[in-house]
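Visitor: Structure file query-v7.cif, mmCIF, C-alpha atoms, is pasted below:
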data_work
#
loop_
_atom_site.label_atom_id
_atom_site.label_comp_id
_atom_site.auth_asym_id
_atom_site.auth_seq_id
_atom_site.Cartn_x
_atom_site.Cartn_y
_atom_site.Cartn_z
CA SER A 17 -22.03 -16.18 -5.89
CA ALA A 18 -25.31 -15.79 -4.01
CA LEU A 19 -27.12 -14.62 -7.12
CA LEU A 20 -25.77 -17.51 -9.17
CA ASP A 21 -26.75 -19.94 -6.39
CA ALA A 22 -30.28 -18.51 -6.58
CA GLY A 23 -30.42 -19.60 -10.20
CA LEU A 24 -30.09 -16.24 -11.94
CA SER A 25 -28.27 -16.01 -15.24
CA VAL A 26 -24.85 -14.38 -15.41
CA ASP A 27 -26.38 -11.52 -17.42
CA LYS A 28 -29.00 -10.81 -14.72
CA CYS A 29 -26.33 -11.06 -11.98
CA ILE A 30 -24.17 -8.41 -13.67
CA ILE A 31 -27.21 -6.11 -14.11
CA ILE A 32 -28.08 -6.44 -10.41
CA LEU A 33 -24.46 -5.89 -9.33
CA LYS A 34 -23.96 -2.77 -11.43
CA ASP A 35 -27.05 -1.21 -9.85
CA GLN A 36 -25.73 -1.72 -6.29
CA LYS A 37 -24.84 1.53 -4.51
CA GLU A 38 -21.97 -0.18 -2.65
CA LEU A 39 -20.24 -1.00 -5.95
CA LYS A 40 -20.11 2.51 -7.46
CA SER A 41 -16.38 2.18 -8.19
CA LEU A 42 -17.04 -0.96 -10.26
CA LYS A 43 -20.08 0.34 -12.12
CA TYR A 44 -18.06 1.40 -15.17
CA TYR A 45 -16.38 -2.00 -15.44
CA LEU A 46 -19.62 -3.89 -14.83
CA ASN A 47 -21.30 -1.89 -17.62
CA ASN A 48 -18.48 -2.86 -19.99
CA ILE A 49 -18.63 -6.49 -18.88
CA HIS A 50 -22.38 -6.50 -19.45
CA SER A 51 -21.88 -5.01 -22.93
CA ASN A 52 -19.30 -7.69 -23.72
CA LEU A 53 -21.69 -10.40 -22.53
CA LEU A 54 -24.38 -9.02 -24.83
CA LYS A 55 -21.88 -9.16 -27.72
CA GLY A 56 -21.55 -12.92 -27.14
CA ASN A 57 -18.35 -13.09 -25.09
CA THR A 58 -18.12 -15.43 -22.14
CA LEU A 59 -17.91 -14.02 -18.64
CA SER A 60 -14.19 -14.79 -18.38
CA GLU A 61 -13.54 -13.12 -21.76
CA SER A 62 -15.52 -10.09 -20.63
CA PHE A 63 -13.44 -9.80 -17.45
CA TYR A 64 -10.25 -10.31 -19.46
CA LEU A 65 -11.13 -7.53 -21.91
CA GLU A 66 -11.40 -5.03 -19.06
CA ASN A 67 -7.72 -5.39 -18.04
CA LYS A 68 -8.80 -4.52 -14.49
CA PHE A 69 -8.91 -8.03 -13.09
CA ASP A 70 -5.87 -10.20 -12.42
CA ASP A 71 -5.14 -13.36 -14.38
CA PHE A 72 -5.89 -15.64 -11.43
CA PHE A 73 -9.42 -14.22 -11.21
CA VAL A 74 -10.04 -14.53 -14.95
CA TYR A 75 -8.70 -18.10 -15.10
CA MET A 76 -10.81 -19.16 -12.13
CA ILE A 77 -13.93 -17.68 -13.75
CA SER A 78 -13.03 -19.51 -16.96
CA THR A 79 -12.63 -22.76 -15.02
CA GLY A 80 -16.00 -22.21 -13.35
CA GLU A 81 -17.65 -21.68 -16.72
CA GLU A 82 -16.06 -24.76 -18.25
CA THR A 83 -16.94 -27.04 -15.33
CA GLY A 84 -20.42 -25.63 -14.79
CA LYS A 85 -19.58 -24.66 -11.20
CA LEU A 86 -19.40 -20.90 -11.59
CA ALA A 87 -21.34 -20.29 -8.36
CA THR A 88 -18.88 -22.40 -6.37
CA VAL A 89 -15.88 -20.79 -8.01
CA THR A 90 -17.19 -17.26 -7.37
CA LYS A 91 -17.83 -18.15 -3.72
CA ASP A 92 -14.27 -19.50 -3.40
CA LEU A 93 -12.90 -16.39 -5.11
CA SER A 94 -14.86 -14.22 -2.71
CA ASN A 95 -13.40 -16.05 0.28
CA TYR A 96 -9.90 -15.88 -1.21
CA TYR A 97 -10.02 -12.13 -1.84
CA GLU A 98 -11.56 -11.44 1.58
CA LYS A 99 -8.69 -13.30 3.25
CA GLU A 100 -6.14 -11.54 1.04
CA TYR A 101 -7.64 -8.17 1.98
CA GLU A 102 -7.54 -9.03 5.69
CA ILE A 103 -3.89 -10.09 5.50
CA GLU A 104 -2.99 -6.91 3.62
CA ARG A 105 -4.88 -4.77 6.16
CA LYS A 106 -3.20 -6.50 9.10
CA LEU A 107 0.21 -6.11 7.48
CA LYS A 108 -0.32 -2.39 6.94
CA THR A 109 -1.52 -2.00 10.52
CA ALA A 110 1.49 -3.92 11.82
CA LEU A 111 3.90 -1.72 9.86
CA ILE A 112 2.53 1.60 11.08
CA TYR A 113 4.18 1.40 14.53
CA PRO A 114 7.73 0.61 13.25
CA PHE A 115 7.37 3.36 10.65
CA ILE A 116 6.42 5.91 13.31
CA LEU A 117 9.33 4.77 15.48
CA PHE A 118 11.73 5.09 12.56
CA ILE A 119 10.59 8.64 11.73
CA THR A 120 10.78 9.62 15.40
CA MET A 121 14.28 8.16 15.65
CA ILE A 122 15.40 10.20 12.62
CA PHE A 123 14.11 13.42 14.16
CA VAL A 124 15.66 12.65 17.56
CA ILE A 125 19.04 12.02 15.93
CA LEU A 126 18.74 15.24 13.93
CA PHE A 127 17.82 17.09 17.12
CA LEU A 128 20.88 15.68 18.88
CA PHE A 129 23.19 16.66 16.01
CA LYS A 130 21.62 20.10 15.65
CA PHE A 131 21.29 21.23 19.26
CA ILE A 132 23.05 18.92 21.74
CA LEU A 133 26.41 18.03 20.17
CA PRO A 134 27.39 21.63 19.38
CA THR A 135 27.24 22.40 23.11
CA PHE A 136 29.76 19.63 23.72
CA LEU A 137 32.09 21.16 21.15
CA THR A 138 32.14 24.46 23.01
CA LEU A 139 32.68 22.60 26.27
CA PHE A 140 35.68 20.75 24.81
CA GLU A 141 37.12 23.93 23.34
CA GLU A 142 36.73 25.96 26.56
CA ASN A 143 38.43 23.32 28.70
CA LYS A 144 41.04 22.46 26.05
CA ILE A 145 40.25 18.75 26.30
CA ALA A 146 41.67 16.40 23.68
CA ILE A 147 38.83 15.14 21.53
CA PRO A 148 38.77 11.40 20.67
CA LYS A 149 38.47 10.44 16.98
CA ILE A 150 34.94 9.07 17.31
CA THR A 151 33.82 12.30 18.97
CA LYS A 152 35.47 14.30 16.17
CA LEU A 153 33.49 12.23 13.68
CA LEU A 154 30.23 12.92 15.54
CA LEU A 155 31.07 16.61 15.71
CA SER A 156 31.81 16.64 11.98
CA ILE A 157 28.40 15.06 11.35
CA SER A 158 26.89 17.66 13.67
CA ASN A 159 28.55 20.47 11.71
CA PHE A 160 27.22 18.98 8.48
CA VAL A 161 23.71 18.74 9.95
CA ASN A 162 23.89 22.33 11.20
CA LYS A 163 25.11 23.57 7.83
CA TYR A 164 22.51 21.71 5.75
CA PHE A 165 19.70 21.30 8.30
CA VAL A 166 16.98 22.81 6.09
CA PHE A 167 17.95 20.62 3.13
CA ILE A 168 18.01 17.50 5.31
CA ILE A 169 14.50 18.24 6.62
CA ILE A 170 13.24 18.87 3.06
CA PHE A 171 14.87 15.62 1.90
CA ILE A 172 13.24 13.64 4.69
#
Could you write out this file's structure as structure tokens?
Guide:
Amino acid sequence: SALLDAGLSVDKCIIILKDQKELKSLKYYLNNIHSNLLKGNTLSESFYLENKFDDFFVYMISTGEETGKLATVTKDLSNYYEKEYEIERKLKTALIYPFILFITMIFVILFLFKFILPTFLTLFEENKIAIPKITKLLLSISNFVNKYFVFIIIFI
């Protein structure tokens, strides 16, 4: 956008961009786009041929070319993708804490079924206390966890 605003041709802009050290991951694609431009394709066609860029991006570039406002369109695209990146980053950051809590909860429950509940079973058996149905269910789950503990950990 800044290069186009400065009056440089699209061809020169692509050459400058592909030589930027910050854009090493895009260098391959920019080389191909530059080659396509030299073959006579439009900028939007060159982006389309790469199959790396989404349709929205390609259509916006095409609109910018057709209206003669490519610099404005590229600036708007830049702002759009920066905001999209920020939202995605914030979403990932916001989901880290619940994910950690969920994993911790799973391990706490496994710990309870593996080590704590079996002690209650021996306590019930020693004192010959009648076990309620819900407790029997929990003890059955505990027996299952004890029997297949290694497989459960591997599965998780």
Visitor: Can you build me a table of stretch 39-63 of chain A residues sitting at most 9 Å from stretch 68-81 of chain A, with the closest atom pair per residue and its distance in Å to one decimal, using all atoms listed in the file, sorted by chain and residue number, as CSV?
Guide:
residue,atom,partner,partner_atom,distance
A:Tyr45,CA,A:Lys68,CA,8.0
A:Thr58,CA,A:Glu81,CA,8.3
A:Leu59,CA,A:Ile77,CA,7.3
A:Ser60,CA,A:Ser78,CA,5.1
A:Glu61,CA,A:Val74,CA,7.8
A:Phe63,CA,A:Val74,CA,6.3
Visitor: Taking the file above as input, evaluate the PyMOL selection byres ((chain A and resi 52) around 12) and report the hits as a list in words.
Guide: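 The output of the PyMOL selection byres ((chain A and resi 52) around 12) on this file is Asp27, Ile30, Tyr45, Leu46, Asn47, Asn48, Ile49, His50, Ser51, Leu53, Leu54, Lys55, Gly56, Asn57, Thr58, Leu59, Ser60, Glu61, Ser62, Phe63, Tyr64, Leu65 and Glu66 of chain A.
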Visitor: Which is closer to A:Val166 than all the others in A:Leu126, A:Thr109, A:Glu141, A:Glu82, using all atoms listed in the file?
Guide: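 Smallest distance to A:Val166 is found for A:Leu126.
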Visitor: Run the PyMOL selection byres ((chain A and resi 157-163) around 8) mentally over the shown coordinates, then write out the matched residues as a ChimeraX atom specification, using the chain letters and numbers from the document.
Guide: /A:126,129-130,133-134,153-156,164-165,168
Visitor: Keeping only C-alpha atoms, write the selected residues as a short mmCIF file (atom, residue, chain, number, x, y, z; two decimals), keeping the file's coordinate frame.
Guide:
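Below you can see part.cif, which holds the result:
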data_model
loop_
_atom_site.label_atom_id
_atom_site.label_comp_id
_atom_site.auth_asym_id
_atom_site.auth_seq_id
_atom_site.Cartn_x
_atom_site.Cartn_y
_atom_site.Cartn_z
CA LEU A 126 18.74 15.24 13.93
CA PHE A 129 23.19 16.66 16.01
CA LYS A 130 21.62 20.10 15.65
CA LEU A 133 26.41 18.03 20.17
CA PRO A 134 27.39 21.63 19.38
CA LEU A 153 33.49 12.23 13.68
CA LEU A 154 30.23 12.92 15.54
CA LEU A 155 31.07 16.61 15.71
CA SER A 156 31.81 16.64 11.98
CA TYR A 164 22.51 21.71 5.75
CA PHE A 165 19.70 21.30 8.30
CA ILE A 168 18.01 17.50 5.31
#
Visitor: Do you have the atom CA of A:Asp21-atom CA of A:Thr83 distance handy?
Guide: 15.1 Å
Visitor: In terms of the shortest atom-to-atom distance over all atoms listed in the file, which of A:Ile169, A:Ile103, A:Phe123, A:Leu86 is closest to A:Gly23?
Guide: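 That would be A:Leu86, the residue with the smallest distance to A:Gly23.
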Visitor: Could you check how far atom CA of A:Pro114 sits from atom CA of A:Lys99, in Å to one decimal?
Guide: 23.7 Å
Visitor: Would you please work out which residue, of A:Lys144, A:Ser41, A:Lys85, A:Thr90, is nearest to A:Cys29 when using only C-alpha atoms?
Guide: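 For A:Cys29, the nearest of the candidates is A:Thr90.
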Visitor: Interatomic distance between atom CA of A:Phe171 and atom CA of A:Thr151?
Guide: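 Result for atom CA of A:Phe171 versus atom CA of A:Thr151: 25.7 Å, one decimal.
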